[in-house]
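Notes for the one structure printed next.
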Amino acid sequence: MKKLVLYFSFLFVIITNIVASDMQYFDTTKLYELDEVQITQFYRTSTKTTNVIDRDYLLKTNRGQEPSFILNTQPSIMGYSDTGNEYGYSYFRMRGMDQTRVNMTLDGMPLNEGEDMGVYFSNYPDFLSNVHTIKVEPGASIANNGVSAYAGSIDFESVNLKTDTVSSVFVGYGSHNSYKLGMDYNMGIKKNWGLHIKATTQHSDGYREHAYNTSQSFFVKTGYFFNTKHSIDLLSFVGQSKNGQAWMGSTMEEIKVNPRKNGCTSSETDHFIQNINKLQYKGFITDNITATASVYYNYLKGYYFFDLDNFMISTIDPTWQSTNEIYCYNLEHHMVGGNASIKFYINDFNITSGVNALSFNRNHIGTHNIGPDSLWNNTGYKTDINAFIKLDYTYKGFNVLANAQYRHADFNYIGDVEFTKLNWDFFNWSVQASYTFNNTHKLYASATQTHREPTRTDMFGGEENLIELGTTQAESVIDYEVGYNVTANKINANVNLYYMDFSNELILNGEVGTNGLPIRINAANSYRAGVEVSINYNPVKGLYLTNTSTYSINKVKTDTEVLTHVMSPTWIVNQAVSYNFYNFEIGADIRYRSSMYFDLTNMYTLDDSFKVNAYINYTTPNDIILSLSVNNIFNTVTYSNGMFGANGPLYFIDSPRTIYGSIVWKF
């Protein structure tokens, strides 16, 4: 509590300085031109203030860690990992909801896979080195490319061939034998042609025992600019990842004896290869009509081992009689799709319309070490098609935005039991309005309704082979938001209030299925409400203060009681400070998360978490950057996740203090 009081005292000082600051004119005039990476404007536009993580920030903070630990600087986002450190399988939650409920794209290409709607960045090693900006928008929106933006959306924009022209070599090493070797080449634009190439190899032993990650990646993007109005680009990413799994927690008694205790056994490993490819056209059809069209292909193949005895004894029945069975879950998927849109500029009125369609199939084969026969062999098929129209009207300081979308999704299954193809049809809509005055202040409000079909794990109850079909009912949410933004010479601040009213929400119950994924159950009525604050303040030259804070109330209503959502803390607070002088930059991040439940009955909690991370960078006159970062400076003991066990709750402990140093040579 003392730490929290000190923190808010510091925040109060910042805010009082902001109020007293002299507001000045900030030019927000937009020019219609063919920018190299503005593909997202065709598919997602909002009157709300979108949080943007720019390339400068990525270059100084990215050490090859999972994106979750960059994203958790944003409002309402909480990052965590299985391994205890920043490498290997890591995840994030947005407004208390897991990342399968967040629409994620790369240059308009869906990243969420079709069946369980997840994005495993472990299969995309050093992904952020190939990113120009990240646009983060909590809350429901109309996702016109990929899965439903139920909890929010994250749009990754790849490197800009025109402006990201610096090449570099990266060498880094730190705690838990974590290292990264990377090299990228950026040609710039020569004779209308641009090229970016990136190759990385990295490894970490992980904090928890045998929770290692060894991975390599190769990324290439090339583009040709026919003139100022037409361009075509191609990108391809190949990632390979080998992991020691750590998706099971440990009892508190085990952790007290050995803090690094891993609930999974050393025989539970995996190996995956993933490849994504996209070909895209952008251009002006006439002076007031722009268009984009793309095709993409996403491929994955790999396997992971599952220790049946360990799972049963740890989570189901301590008296389980050993069978000595180690299952091997083999997976292979193909996702093929395309999208196209056209945008008309008519004075102050814009109309955008488009379509997106994808076809996904994943083969599941189960084998084991006891005999040669397959335990199961089945395939899931998913189709997702949508068409949308978006109207955007601006008059002086007023802006009104209306979205309407028809979306069809279906799922079919071919296995050893009969299955009837499932179909869902949705009408999603959004209405938003804003008013900007004095070029510095903006008020906005919005209402959005979107729907979401259940995942394969939701329907199969966490089983890889269908035993009994569970829920097939879609869920929906109406998200109401209102906010205020101010932008001036020293300050950018935003306050956003939201209320998300769910129907038939699929909520976590704290259990994990035999496929290693969390299990969700239906809640007829539930809601999430809160306030999100973002402040960027530059009081004097070289000093930057950033705060993102969220206070939320997250409730599930039953016939007899009101409970709190699982893994949904009331407070998430991030405070960052950095100072630049000469060729040095020093900074610190203060992160606080209040306690939260990890079971639906609200019996078990994770204590609040308070961490301080710090870094120092020095740039030599010949463009060599020397960096040193220290995470969890005060060596506090924190837990990031929990689950049910046969003998009580199981916990996931975070790493104590870690150190990482790197050298980047730019050329």
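FYI, nothing fancy with the structure tokens labels: chains A, B, ... in order, residues from 1 per chain, ligands from 1 as they appear.
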(message) Would you pick out the contacts of Tyr212 of chain A at 7 Å or less, using only C-alpha atoms, so that residues sharing its chain but fewer than 4 positions from it are not included, and give the list as a ChimeraX atom specification?
(response) /A:88,204-206,243-244
Give me a file of those residues, with N, CA, C and O atoms, as a PDB file, in the first residue's frame.
```pdb
ATOM      1  N   GLY A  88       9.910 -17.562 -24.818  1.00  0.00           N
ATOM      2  CA  GLY A  88       9.085 -18.755 -24.848  1.00  0.00           C
ATOM      3  C   GLY A  88       7.615 -18.384 -24.880  1.00  0.00           C
ATOM      4  O   GLY A  88       7.228 -17.304 -25.340  1.00  0.00           O
ATOM      5  N   SER A 204      16.873 -19.011 -24.711  1.00  0.00           N
ATOM      6  CA  SER A 204      16.790 -18.729 -23.280  1.00  0.00           C
ATOM      7  C   SER A 204      16.511 -20.040 -22.556  1.00  0.00           C
ATOM      8  O   SER A 204      15.702 -20.853 -23.015  1.00  0.00           O
ATOM      9  N   ASP A 205      17.198 -20.248 -21.433  1.00  0.00           N
ATOM     10  CA  ASP A 205      16.913 -21.429 -20.611  1.00  0.00           C
ATOM     11  C   ASP A 205      15.577 -21.307 -19.893  1.00  0.00           C
ATOM     12  O   ASP A 205      15.032 -22.311 -19.426  1.00  0.00           O
ATOM     13  N   GLY A 206      15.060 -20.064 -19.787  1.00  0.00           N
ATOM     14  CA  GLY A 206      13.849 -19.830 -19.012  1.00  0.00           C
ATOM     15  C   GLY A 206      14.157 -19.837 -17.527  1.00  0.00           C
ATOM     16  O   GLY A 206      15.161 -20.394 -17.074  1.00  0.00           O
ATOM     17  N   ASN A 243      10.704 -25.663 -27.717  1.00  0.00           N
ATOM     18  CA  ASN A 243      10.443 -25.231 -26.351  1.00  0.00           C
ATOM     19  C   ASN A 243      10.364 -26.406 -25.392  1.00  0.00           C
ATOM     20  O   ASN A 243       9.896 -27.491 -25.757  1.00  0.00           O
ATOM     21  N   GLY A 244      10.802 -26.162 -24.168  1.00  0.00           N
ATOM     22  CA  GLY A 244      10.433 -27.011 -23.057  1.00  0.00           C
ATOM     23  C   GLY A 244       9.161 -26.432 -22.467  1.00  0.00           C
ATOM     24  O   GLY A 244       9.125 -25.264 -22.070  1.00  0.00           O
TER      25      GLY A 244
END
```
(message) If you run DSSP on the backbone here, which positions in segment 157-223 of chain A get strand (DSSP E or B)? Please write them as a ChimeraX atom specification.
(response) /A:157-158,168-174,178-190,193-204,213-223
(message) Give me, as a ChimeraX atom specification, all polymer residues having an atom no more than 7 Å from His132 of chain A, counting only C-alpha atoms and skipping those fewer than 5 positions away in the same chain.
(response) /A:54-55,157-160
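Of the residues listed (A:Val400, A:Ser594, A:Val417, A:Ile659), A:Val400 shows the shortest atom-to-atom separation from Phe349 of chain A; distances use only C-alpha atoms.
On the backbone of this structure, DSSP gives helix (DSSP H, G or I) within segment 400-537 of chain A to Arg456, Thr457, Asp458, Met459 and Phe460 of chain A.
Ranking A:Gly516, A:Pro656, A:Gly337, A:Gly510 by their shortest atom-to-atom distance to Phe311 of chain A, with only C-alpha atoms included, puts A:Gly516 first.
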